[in-house]
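A.B. asks: What follows is a structure written as structure tokens; I'll ask about it next.
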Amino acid sequence: MKLRKLKKISRRNALQLIAVFSGTAVFPTISFAQSNQALDRINEITNGLGATESDIWLDLPEIAENGNQVKVSFEMDSPMTETDHIKTVYILADGNPSPNVAKFSFTPEMGSCSATTRMRLSKTQNVYLLAANNNEQFFMTYAKVKVTIGGCGG
Amino acid sequence: MSSIKPRVKVPKEVSIDEIVEIKTLIRHPMHSGRMKDPEGQTIPRQIINSFSAKFNGKEIFQMDLEPSISTNPYIVFQYKVKESGKFDFEWLDDNGEKYSISKEMIVS
């Protein structure tokens with residue numbers, strides 16, 4: 001029954017719906033147009049070189065009910081040898097009062113590049129992961145987290 | 001503040017080349033410097049700003065913590081076993097205090 005109903009949407013209705021949705025979609029882009037402090041920080045760390053977006057496993061909840069305790073885990077494929085290992089990993093948040101969340105320093109002894117911690121998120125935002133290997137190459141990824149109740153006080 | 005007590009979970013018996021998971025937790029308020037007390041006064045910033053792990057005296061892992069890290073910092077990382085030995089974990093507080101704990105790990 002439901003399928004039949006869906007089919008009955010006329011061309012005019014469809015166009016109207018599209019107009020409504022595109023109208024609402026414009027508003028978030030206005031706030032997004034503000035300078036992104038996490039990306040600024042990535043530029044600063046990489047000396048303007050930027051980072052290549054790569055396939056890093058970054059585990060974050062899609063919706064965080066409590067912004068005070070948001071679990072973040074990551075794992076990167078790396079041989080972790082003296083000549084080829086991930087040296088540092090930064091976690092950055094673009095909607096917090098300060099973009100820095102944590103900086104991890106890894107050594108080849110660890111055998112794998114993976115860690116978990118808990119962080120605060122003040123509002124719905126993107127969380128970035130920036131990794132640097134021992135040859136000064138940078139990799140990044142990001143994920144969006146919806147926050148129901150913000151952390152960070154204030 | 002001697003009430004701050006770190007807790008660490010290290011597997012007791014391990015085999016060589018095994019990658020083990022080390023879980024750490026420390027009780028700490030992590031005042032970000034933005035929260036207010038019931039009288040409306042801002043609570044000054046006081047956080048754990050650094051964590052490090054050593055194995056047989058050599059640093060294997062270090063982490064810089066910022067005010068965006070939650071109360072009671074929880075940190076998990078991995079380590080590839082090569083020999084028996086002792087882990088030394090250390091947390092640094094903004095007020096200059098150090099909290100530390102040691103754990104043995106035996107290769108069987």
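In the structure tokens, each chain is lettered A, B, ... as it comes, each chain's residues begin at 1, and ligands are numbered from 1 in order of appearance.
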Please identify all residues of chain A having at least one atom at most 6 Å from any atom of chain B, considering only C-alpha atoms, and return them as JSON, numbers by chain.
C.D. replies: {"A": [69, 101, 102, 103, 104, 105, 106, 107, 110, 111, 115, 116, 117, 118, 119, 120, 153, 154]}
A.B. asks: List the neighbours of segment 11-14 of chain B out to 6 Å using only C-alpha atoms; skip same-chain residues closer than 4 positions along the sequence, and give me the result as number ranges by chain.
C.D. replies: B: 105-108
A.B. asks: Keeping only C-alpha atoms, write the selected residues to a file as a PDB file, in the first residue's frame.
C.D. replies:
ATOM      1  CA  MET B 105      54.501  -8.595  32.541  1.00  0.00           C
ATOM      2  CA  ILE B 106      55.834 -12.133  32.246  1.00  0.00           C
ATOM      3  CA  VAL B 107      56.427 -14.036  29.015  1.00  0.00           C
ATOM      4  CA  SER B 108      55.407 -17.638  29.410  1.00  0.00           C
TER       5      SER B 108
END
A.B. asks: Which residues in segment 36-96 of chain A does DSSP call alpha helix (DSSP H)? List them as a PyMOL selection string.
C.D. replies: chain A and resi 37-45
A.B. asks: Selected residues, C-alpha atoms, written as a PDB file, in the first residue's frame, please.
C.D. replies:
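again_16.pdb, freshly written:
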ATOM      1  CA  GLN A  37      39.741  25.806  13.186  1.00  0.00           C
ATOM      2  CA  ALA A  38      40.554  22.106  12.869  1.00  0.00           C
ATOM      3  CA  LEU A  39      41.557  22.483   9.220  1.00  0.00           C
ATOM      4  CA  ASP A  40      43.539  25.599  10.125  1.00  0.00           C
ATOM      5  CA  ARG A  41      45.365  23.580  12.747  1.00  0.00           C
ATOM      6  CA  ILE A  42      46.050  20.805  10.205  1.00  0.00           C
ATOM      7  CA  ASN A  43      47.580  23.412   7.911  1.00  0.00           C
ATOM      8  CA  GLU A  44      49.693  24.668  10.783  1.00  0.00           C
ATOM      9  CA  ILE A  45      50.950  21.198  11.728  1.00  0.00           C
TER      10      ILE A  45
END
A.B. asks: What's the separation between atom CA of Leu58 of chain A and atom CA of Phe74 of chain A, in Å to one decimal place?
C.D. replies: 4.4 Å
A.B. asks: Quick one: residues within 8 Å of Gly67 of chain A, only C-alpha atoms counted, chain neighbours fewer than 3 positions away excluded, as a PyMOL selection string?
C.D. replies: chain A and resi 64+70+119-123+147-152
A.B. asks: Would you write out those residues with C-alpha atoms, as a tab-separated table (two decimals), in the first residue's frame?
C.D. replies:
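Contents of the output file part08.tsv:
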chain	number	residue	atom	x	y	z
A	64	ALA	CA	26.64	11.05	21.04
A	70	VAL	CA	32.60	10.45	23.61
A	119	MET	CA	36.77	13.15	24.76
A	120	ARG	CA	34.40	16.07	25.23
A	121	LEU	CA	32.43	17.57	22.39
A	122	SER	CA	30.61	20.84	22.93
A	123	LYS	CA	28.23	20.49	19.97
A	147	VAL	CA	25.91	15.70	19.97
A	148	THR	CA	22.66	15.78	21.91
A	149	ILE	CA	23.98	17.31	25.16
A	150	GLY	CA	27.22	19.22	24.86
A	151	GLY	CA	30.24	18.79	27.09
A	152	CYS	CA	32.94	21.38	27.89
A.B. asks: Pick out the closest residue to Pro61 of chain A from this set: A:Ile91, A:Met140, A:Val145, A:Ala131. Count only C-alpha atoms.
C.D. replies: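 Looking at the shortest contact to Pro61 of chain A, the residue is A:Val145.
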A.B. asks: Measure the distance from atom CA of Ser54 of chain A to atom CA of Thr81 of chain A in Å and round it to one decimal.
C.D. replies: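 Between these atoms lies a distance of 20.0 Å.
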A.B. asks: Between atom CA of Tyr90 of chain A and atom CA of Val127 of chain A, what is the distance in Å, rounded to a tenth?
C.D. replies: 10.4 Å
